[in-house]
Amino acid sequence: METRPARSALYIPGSKDRALDKARGLPVDIILFDLEDAVAPDAKVGARETLTNALAAGGYGPRQKIVRINGLDTLWGADDAAAVAQMDCDAVLLPKVDSPADLDALAALIPDLPIWAMMETPLGILNAQSIAAHPRLAGFVMGTNDLAKDLNARTRPAMMTALQHCLLAARANRITALDGVYNAFKDDDGLAIECAEGRDMGFDGKTLIHPAQVAICNAAFGPSQDEIALAERQIAAFETAEAEGQGVAVVDGKIVENLHVVTARATLAKAAAIATLENS
């Protein structure tokens, strides 16, 4: 996987000039420019031009710019894809992906951009491995609201099998995986708990619905100062052990092997990438 940060991914309606402008100054890692759920049916056609103009004007810095289109089985999907193919963005996000065939259909319309998949249907979850293996796919976005609806689930724990299944597929194919949204955008404590849970599970970041959620999300999915310091000590200790002809080291009473050093170096690389992004 790339080390480009993906801690926070904020949905921004592609139809609203004010929101598109505000997004230029938000400290998010990914902006999910939305032409689907966040745009009313009578505003969808106009949203394409609004978003095209905003992206052409620039000002979004080094953040990843991903556009979520409407499904190709809707009235707007094909025209959305045609418009996105001409936009100044980094990737396209397809909702309700059920199988690799859905990605094939989009790839035929947009030959160059990386594709991300919304994982939000029972069939899509069951096909997660084959979807993740698609040669154009760069990432999964968990659509937990739609998934809960289709599963008739009332709690997040009821979706754990689906979340973990998609994580396994993402890791097996070395793509990014983003956790679903937290709907109670004024509940900071609840958001922090769910961010910590997603990070502990292994997600790279979380999708967000409000700018007020960004700081908590970034803190949860970025390495802490303690984690950075531990990574540095693990690397130093292991290098010293190697120089002495040893295969393992000990840090804080715990064995450090090569696999721990790989993780430690990944932690430092992520921290460096975040610093570069935040200082850009």
# chains A, B, ... in the order shown; residues from 1 in each chain; ligands from 1

$ select_by_dssp --residues "segment 36-232 of chain A" --states "strand (DSSP E)" --output "ChimeraX atom specification"
/A:64-68,91-94,115-119,137-142,176-179,205-208

$ closest_atom_pairs --of "segment 63-164 of chain A" --to "segment 31-50 of chain A" --cutoff "10 Å" --atoms "only C-alpha atoms" --output "CSV"
residue,atom,partner,partner_atom,distance
A:Arg63,CA,A:Ile31,CA,6.9
A:Gln64,CA,A:Ile31,CA,6.2
A:Lys65,CA,A:Ile31,CA,5.2
A:Ile66,CA,A:Leu32,CA,5.0
A:Val67,CA,A:Phe33,CA,4.6
A:Arg68,CA,A:Asp34,CA,4.9
A:Ile69,CA,A:Leu35,CA,5.1
A:Asn70,CA,A:Glu36,CA,4.8
A:Gly71,CA,A:Glu36,CA,8.0
A:Leu75,CA,A:Pro41,CA,9.7
A:Trp76,CA,A:Lys44,CA,7.4
A:Gly77,CA,A:Glu36,CA,9.0
A:Asp79,CA,A:Val45,CA,8.6
A:Asp80,CA,A:Arg48,CA,6.9
A:Ala81,CA,A:Arg48,CA,9.9
A:Ala82,CA,A:Arg48,CA,9.9
A:Ala83,CA,A:Arg48,CA,6.7
A:Val84,CA,A:Arg48,CA,8.1
A:Met87,CA,A:Arg48,CA,9.4
A:Cys89,CA,A:Phe33,CA,9.4
A:Ala91,CA,A:Leu32,CA,9.6
A:Val92,CA,A:Leu32,CA,9.2
A:Leu93,CA,A:Leu32,CA,8.3
A:Leu94,CA,A:Glu36,CA,9.6
A:Pro95,CA,A:Glu36,CA,8.3

$ residues_around --residues "segment 236-251 of chain A" --least-positions-apart "6" --cutoff "10 Å" --atoms "only C-alpha atoms" --output "VMD selection string"
chain A and resid 230 257 to 258 260 to 261

$ write_last_selection --atoms "N, CA and C atoms" --output "tab-separated table (two decimals), in the first residue's frame"
chain	number	residue	atom	x	y	z
A	230	LEU	N	8.40	4.76	20.10
A	230	LEU	CA	8.60	3.32	20.23
A	230	LEU	C	9.16	2.73	18.94
A	257	GLU	N	11.42	-8.54	16.62
A	257	GLU	CA	11.96	-9.29	15.49
A	257	GLU	C	11.84	-8.44	14.23
A	258	ASN	N	12.26	-9.02	13.12
A	258	ASN	CA	12.25	-8.27	11.87
A	258	ASN	C	10.83	-7.80	11.50
A	260	HIS	N	8.51	-6.86	13.46
A	260	HIS	CA	8.18	-5.66	14.23
A	260	HIS	C	8.88	-4.44	13.65
A	261	VAL	N	10.06	-4.65	13.11
A	261	VAL	CA	10.80	-3.55	12.51
A	261	VAL	C	10.11	-3.08	11.23

$ closest_residue --among "A:Gly222, A:Gly205, A:Pro62, A:Gly139" --to "Ile175 of chain A" --atoms "only C-alpha atoms"
A:Gly139

$ closest_residue --among "A:Leu106, A:Ala264, A:Ala275, A:Ala184" --to "Asp29 of chain A" --atoms "only C-alpha atoms"
A:Ala275

$ closest_residue --among "A:Ala231, A:Arg174, A:His210, A:Val97" --to "Thr3 of chain A" --atoms "only C-alpha atoms"
A:Arg174

$ select_by_dssp --residues "segment 27-221 of chain A" --states "helix (DSSP H, G or I)" --output "number ranges by chain"
A: 41-57, 77-84, 100-109, 122-126, 128-132, 144-151, 157-172, 188-201, 211-221

$ atom_distance --atom1 "atom CA of Leu55 of chain A" --atom2 "atom CA of Pro27 of chain A"
17.2 Å

$ closest_residue --among "A:Ala9, A:Ala266, A:Leu123, A:Ala220" --to "Ala23 of chain A" --atoms "only C-alpha atoms"
A:Ala9

$ residues_around --residues "Ala271 of chain A" --least-positions-apart "3" --cutoff "12 Å" --atoms "only C-alpha atoms" --output "list of chain:residue names"
A:Thr3, A:Arg4, A:Pro5, A:Ala6, A:Arg7, A:Asn218, A:Ala219, A:Phe221, A:Gly222, A:Pro223, A:Ser224, A:Gln225, A:Asp226, A:Glu227, A:Ile228, A:Ala229, A:Ala231, A:Glu232, A:Ala264, A:Arg265, A:Ala266, A:Thr267, A:Leu268, A:Ile274, A:Ala275, A:Thr276, A:Leu277, A:Glu278

$ write_last_selection --atoms "N, CA and C atoms" --output "PDB file, in the first residue's frame"
ATOM      1  N   THR A   3       2.044   5.035   1.132  1.00  0.00           N
ATOM      2  CA  THR A   3       2.096   5.660   2.447  1.00  0.00           C
ATOM      3  C   THR A   3       1.328   6.973   2.468  1.00  0.00           C
ATOM      4  N   ARG A   4       0.729   7.358   1.348  1.00  0.00           N
ATOM      5  CA  ARG A   4      -0.052   8.591   1.308  1.00  0.00           C
ATOM      6  C   ARG A   4      -1.136   8.528   2.387  1.00  0.00           C
ATOM      7  N   PRO A   5      -1.242   9.531   3.249  1.00  0.00           N
ATOM      8  CA  PRO A   5      -2.199   9.463   4.346  1.00  0.00           C
ATOM      9  C   PRO A   5      -3.638   9.318   3.870  1.00  0.00           C
ATOM     10  N   ALA A   6      -4.408   8.543   4.619  1.00  0.00           N
ATOM     11  CA  ALA A   6      -5.830   8.356   4.317  1.00  0.00           C
ATOM     12  C   ALA A   6      -6.618   8.322   5.623  1.00  0.00           C
ATOM     13  N   ARG A   7      -6.184   9.143   6.594  1.00  0.00           N
ATOM     14  CA  ARG A   7      -6.810   9.110   7.912  1.00  0.00           C
ATOM     15  C   ARG A   7      -8.264   9.564   7.860  1.00  0.00           C
ATOM     16  N   ASN A 218      -8.302  12.372  12.518  1.00  0.00           N
ATOM     17  CA  ASN A 218      -6.871  12.443  12.200  1.00  0.00           C
ATOM     18  C   ASN A 218      -6.016  11.961  13.363  1.00  0.00           C
ATOM     19  N   ALA A 219      -6.414  12.349  14.577  1.00  0.00           N
ATOM     20  CA  ALA A 219      -5.640  11.928  15.756  1.00  0.00           C
ATOM     21  C   ALA A 219      -5.703  10.420  15.952  1.00  0.00           C
ATOM     22  N   PHE A 221      -6.234   7.988  13.685  1.00  0.00           N
ATOM     23  CA  PHE A 221      -5.632   7.163  12.633  1.00  0.00           C
ATOM     24  C   PHE A 221      -4.189   7.542  12.293  1.00  0.00           C
ATOM     25  N   GLY A 222      -3.675   8.578  12.936  1.00  0.00           N
ATOM     26  CA  GLY A 222      -2.268   8.915  12.752  1.00  0.00           C
ATOM     27  C   GLY A 222      -1.444   8.378  13.906  1.00  0.00           C
ATOM     28  N   PRO A 223      -0.167   8.086  13.685  1.00  0.00           N
ATOM     29  CA  PRO A 223       0.674   7.599  14.779  1.00  0.00           C
ATOM     30  C   PRO A 223       0.812   8.643  15.877  1.00  0.00           C
ATOM     31  N   SER A 224       0.697   8.215  17.119  1.00  0.00           N
ATOM     32  CA  SER A 224       0.899   9.122  18.247  1.00  0.00           C
ATOM     33  C   SER A 224       2.405   9.330  18.457  1.00  0.00           C
ATOM     34  N   GLN A 225       2.743  10.336  19.268  1.00  0.00           N
ATOM     35  CA  GLN A 225       4.154  10.576  19.572  1.00  0.00           C
ATOM     36  C   GLN A 225       4.768   9.376  20.293  1.00  0.00           C
ATOM     37  N   ASP A 226       3.982   8.731  21.146  1.00  0.00           N
ATOM     38  CA  ASP A 226       4.490   7.534  21.826  1.00  0.00           C
ATOM     39  C   ASP A 226       4.755   6.406  20.833  1.00  0.00           C
ATOM     40  N   GLU A 227       3.877   6.236  19.858  1.00  0.00           N
ATOM     41  CA  GLU A 227       4.071   5.189  18.851  1.00  0.00           C
ATOM     42  C   GLU A 227       5.288   5.483  17.977  1.00  0.00           C
ATOM     43  N   ILE A 228       5.485   6.745  17.657  1.00  0.00           N
ATOM     44  CA  ILE A 228       6.649   7.126  16.863  1.00  0.00           C
ATOM     45  C   ILE A 228       7.938   6.864  17.648  1.00  0.00           C
ATOM     46  N   ALA A 229       7.935   7.260  18.916  1.00  0.00           N
ATOM     47  CA  ALA A 229       9.127   7.047  19.750  1.00  0.00           C
ATOM     48  C   ALA A 229       9.432   5.565  19.914  1.00  0.00           C
ATOM     49  N   ALA A 231       8.637   3.164  17.808  1.00  0.00           N
ATOM     50  CA  ALA A 231       9.129   2.667  16.521  1.00  0.00           C
ATOM     51  C   ALA A 231      10.607   2.984  16.348  1.00  0.00           C
ATOM     52  N   GLU A 232      10.995   4.189  16.715  1.00  0.00           N
ATOM     53  CA  GLU A 232      12.410   4.569  16.603  1.00  0.00           C
ATOM     54  C   GLU A 232      13.288   3.713  17.508  1.00  0.00           C
ATOM     55  N   ALA A 264       7.408  -0.953  12.402  1.00  0.00           N
ATOM     56  CA  ALA A 264       7.959   0.293  12.942  1.00  0.00           C
ATOM     57  C   ALA A 264       8.349   1.248  11.819  1.00  0.00           C
ATOM     58  N   ARG A 265       8.962   0.717  10.788  1.00  0.00           N
ATOM     59  CA  ARG A 265       9.358   1.582   9.664  1.00  0.00           C
ATOM     60  C   ARG A 265       8.134   2.116   8.923  1.00  0.00           C
ATOM     61  N   ALA A 266       7.103   1.303   8.842  1.00  0.00           N
ATOM     62  CA  ALA A 266       5.853   1.767   8.228  1.00  0.00           C
ATOM     63  C   ALA A 266       5.240   2.893   9.058  1.00  0.00           C
ATOM     64  N   THR A 267       5.334   2.780  10.372  1.00  0.00           N
ATOM     65  CA  THR A 267       4.824   3.835  11.256  1.00  0.00           C
ATOM     66  C   THR A 267       5.557   5.144  11.018  1.00  0.00           C
ATOM     67  N   LEU A 268       6.873   5.078  10.916  1.00  0.00           N
ATOM     68  CA  LEU A 268       7.660   6.285  10.684  1.00  0.00           C
ATOM     69  C   LEU A 268       7.391   6.865   9.295  1.00  0.00           C
ATOM     70  N   ILE A 274       2.405  12.207   6.749  1.00  0.00           N
ATOM     71  CA  ILE A 274       1.429  13.112   7.366  1.00  0.00           C
ATOM     72  C   ILE A 274       2.052  14.488   7.565  1.00  0.00           C
ATOM     73  N   ALA A 275       3.290  14.527   8.046  1.00  0.00           N
ATOM     74  CA  ALA A 275       3.966  15.806   8.260  1.00  0.00           C
ATOM     75  C   ALA A 275       4.124  16.569   6.949  1.00  0.00           C
ATOM     76  N   THR A 276       4.460  15.835   5.890  1.00  0.00           N
ATOM     77  CA  THR A 276       4.609  16.482   4.580  1.00  0.00           C
ATOM     78  C   THR A 276       3.276  17.067   4.115  1.00  0.00           C
ATOM     79  N   LEU A 277       2.211  16.297   4.290  1.00  0.00           N
ATOM     80  CA  LEU A 277       0.878  16.756   3.880  1.00  0.00           C
ATOM     81  C   LEU A 277       0.470  17.997   4.672  1.00  0.00           C
ATOM     82  N   GLU A 278       0.658  17.943   5.986  1.00  0.00           N
ATOM     83  CA  GLU A 278       0.207  19.040   6.835  1.00  0.00           C
ATOM     84  C   GLU A 278       1.038  20.304   6.660  1.00  0.00           C
TER      85      GLU A 278
END

$ residues_around --residues "segment 190-196 of chain A" --least-positions-apart "4" --cutoff "12 Å" --atoms "only C-alpha atoms" --output "NGL selection string"
:A and (7-8 or 156-157 or 178-186 or 200-210 or 212-223)

$ write_last_selection --atoms "N, CA and C atoms" --output "short mmCIF file (atom, residue, chain, number, x, y, z; two decimals), in the first residue's frame"
data_model
loop_
_atom_site.label_atom_id
_atom_site.label_comp_id
_atom_site.auth_asym_id
_atom_site.auth_seq_id
_atom_site.Cartn_x
_atom_site.Cartn_y
_atom_site.Cartn_z
N ARG A 7 -6.18 9.14 6.59
CA ARG A 7 -6.81 9.11 7.91
C ARG A 7 -8.26 9.56 7.86
N SER A 8 -8.51 10.64 7.17
CA SER A 8 -9.84 11.27 7.15
C SER A 8 -10.28 11.48 5.71
N ARG A 156 -23.53 -1.51 15.12
CA ARG A 156 -22.26 -1.71 14.42
C ARG A 156 -21.71 -3.12 14.64
N PRO A 157 -21.77 -3.66 15.87
CA PRO A 157 -21.28 -5.03 16.05
C PRO A 157 -21.94 -6.03 15.11
N LEU A 178 -11.22 2.19 4.01
CA LEU A 178 -11.76 3.25 4.85
C LEU A 178 -13.03 2.78 5.55
N ASP A 179 -13.10 3.06 6.84
CA ASP A 179 -14.26 2.71 7.64
C ASP A 179 -15.43 3.61 7.29
N GLY A 180 -16.64 3.19 7.68
CA GLY A 180 -17.85 3.95 7.38
C GLY A 180 -18.01 5.18 8.25
N VAL A 181 -19.07 5.94 7.99
CA VAL A 181 -19.30 7.21 8.68
C VAL A 181 -19.88 6.99 10.08
N TYR A 182 -19.72 8.01 10.91
CA TYR A 182 -20.37 8.07 12.22
C TYR A 182 -21.41 9.17 12.13
N ASN A 183 -22.67 8.80 12.24
CA ASN A 183 -23.75 9.72 11.91
C ASN A 183 -23.97 10.84 12.93
N ALA A 184 -23.69 10.57 14.19
CA ALA A 184 -23.95 11.56 15.24
C ALA A 184 -22.79 12.56 15.28
N PHE A 185 -22.81 13.54 14.39
CA PHE A 185 -21.64 14.39 14.19
C PHE A 185 -21.37 15.35 15.35
N LYS A 186 -22.29 15.45 16.30
CA LYS A 186 -22.06 16.28 17.49
C LYS A 186 -21.58 15.45 18.69
N ASP A 200 -8.02 0.12 15.49
CA ASP A 200 -7.59 -1.15 16.07
C ASP A 200 -7.89 -2.32 15.14
N MET A 201 -8.99 -2.25 14.40
CA MET A 201 -9.32 -3.31 13.46
C MET A 201 -8.34 -3.36 12.30
N GLY A 202 -7.81 -2.19 11.92
CA GLY A 202 -6.85 -2.16 10.83
C GLY A 202 -7.20 -1.23 9.68
N PHE A 203 -8.29 -0.48 9.80
CA PHE A 203 -8.64 0.45 8.73
C PHE A 203 -7.60 1.55 8.63
N ASP A 204 -7.42 2.08 7.41
CA ASP A 204 -6.47 3.16 7.18
C ASP A 204 -7.01 4.51 7.60
N GLY A 205 -8.33 4.65 7.61
CA GLY A 205 -8.95 5.91 7.97
C GLY A 205 -10.45 5.73 8.01
N LYS A 206 -11.16 6.86 8.11
CA LYS A 206 -12.60 6.81 8.27
C LYS A 206 -13.25 7.89 7.40
N THR A 207 -14.42 7.57 6.87
CA THR A 207 -15.19 8.56 6.13
C THR A 207 -16.00 9.40 7.11
N LEU A 208 -16.17 10.68 6.77
CA LEU A 208 -16.77 11.65 7.67
C LEU A 208 -17.86 12.43 6.94
N ILE A 209 -18.81 12.93 7.74
CA ILE A 209 -19.91 13.69 7.17
C ILE A 209 -19.91 15.15 7.58
N HIS A 210 -18.99 15.54 8.47
CA HIS A 210 -18.97 16.93 8.95
C HIS A 210 -17.54 17.34 9.26
N ALA A 212 -16.42 19.05 11.59
CA ALA A 212 -16.12 19.00 13.01
C ALA A 212 -15.54 17.65 13.44
N GLN A 213 -15.67 16.64 12.59
CA GLN A 213 -15.17 15.31 12.92
C GLN A 213 -13.71 15.09 12.53
N VAL A 214 -13.13 16.02 11.79
CA VAL A 214 -11.82 15.78 11.17
C VAL A 214 -10.71 15.63 12.20
N ALA A 215 -10.63 16.53 13.17
CA ALA A 215 -9.51 16.50 14.11
C ALA A 215 -9.46 15.20 14.91
N ILE A 216 -10.61 14.75 15.38
CA ILE A 216 -10.66 13.50 16.15
C ILE A 216 -10.23 12.33 15.29
N CYS A 217 -10.68 12.31 14.05
CA CYS A 217 -10.35 11.22 13.14
C CYS A 217 -8.85 11.21 12.81
N ASN A 218 -8.30 12.37 12.52
CA ASN A 218 -6.87 12.44 12.20
C ASN A 218 -6.02 11.96 13.36
N ALA A 219 -6.41 12.35 14.58
CA ALA A 219 -5.64 11.93 15.76
C ALA A 219 -5.70 10.42 15.95
N ALA A 220 -6.87 9.84 15.70
CA ALA A 220 -7.03 8.40 15.93
C ALA A 220 -6.25 7.56 14.93
N PHE A 221 -6.23 7.99 13.68
CA PHE A 221 -5.63 7.16 12.63
C PHE A 221 -4.19 7.54 12.29
N GLY A 222 -3.68 8.58 12.94
CA GLY A 222 -2.27 8.91 12.75
C GLY A 222 -1.44 8.38 13.91
N PRO A 223 -0.17 8.09 13.69
CA PRO A 223 0.67 7.60 14.78
C PRO A 223 0.81 8.64 15.88
#

$ residues_around --residues "Met119 of chain A" --least-positions-apart "6" --cutoff "7 Å" --atoms "only C-alpha atoms" --output "ChimeraX atom specification"
/A:96-97,125,140-143
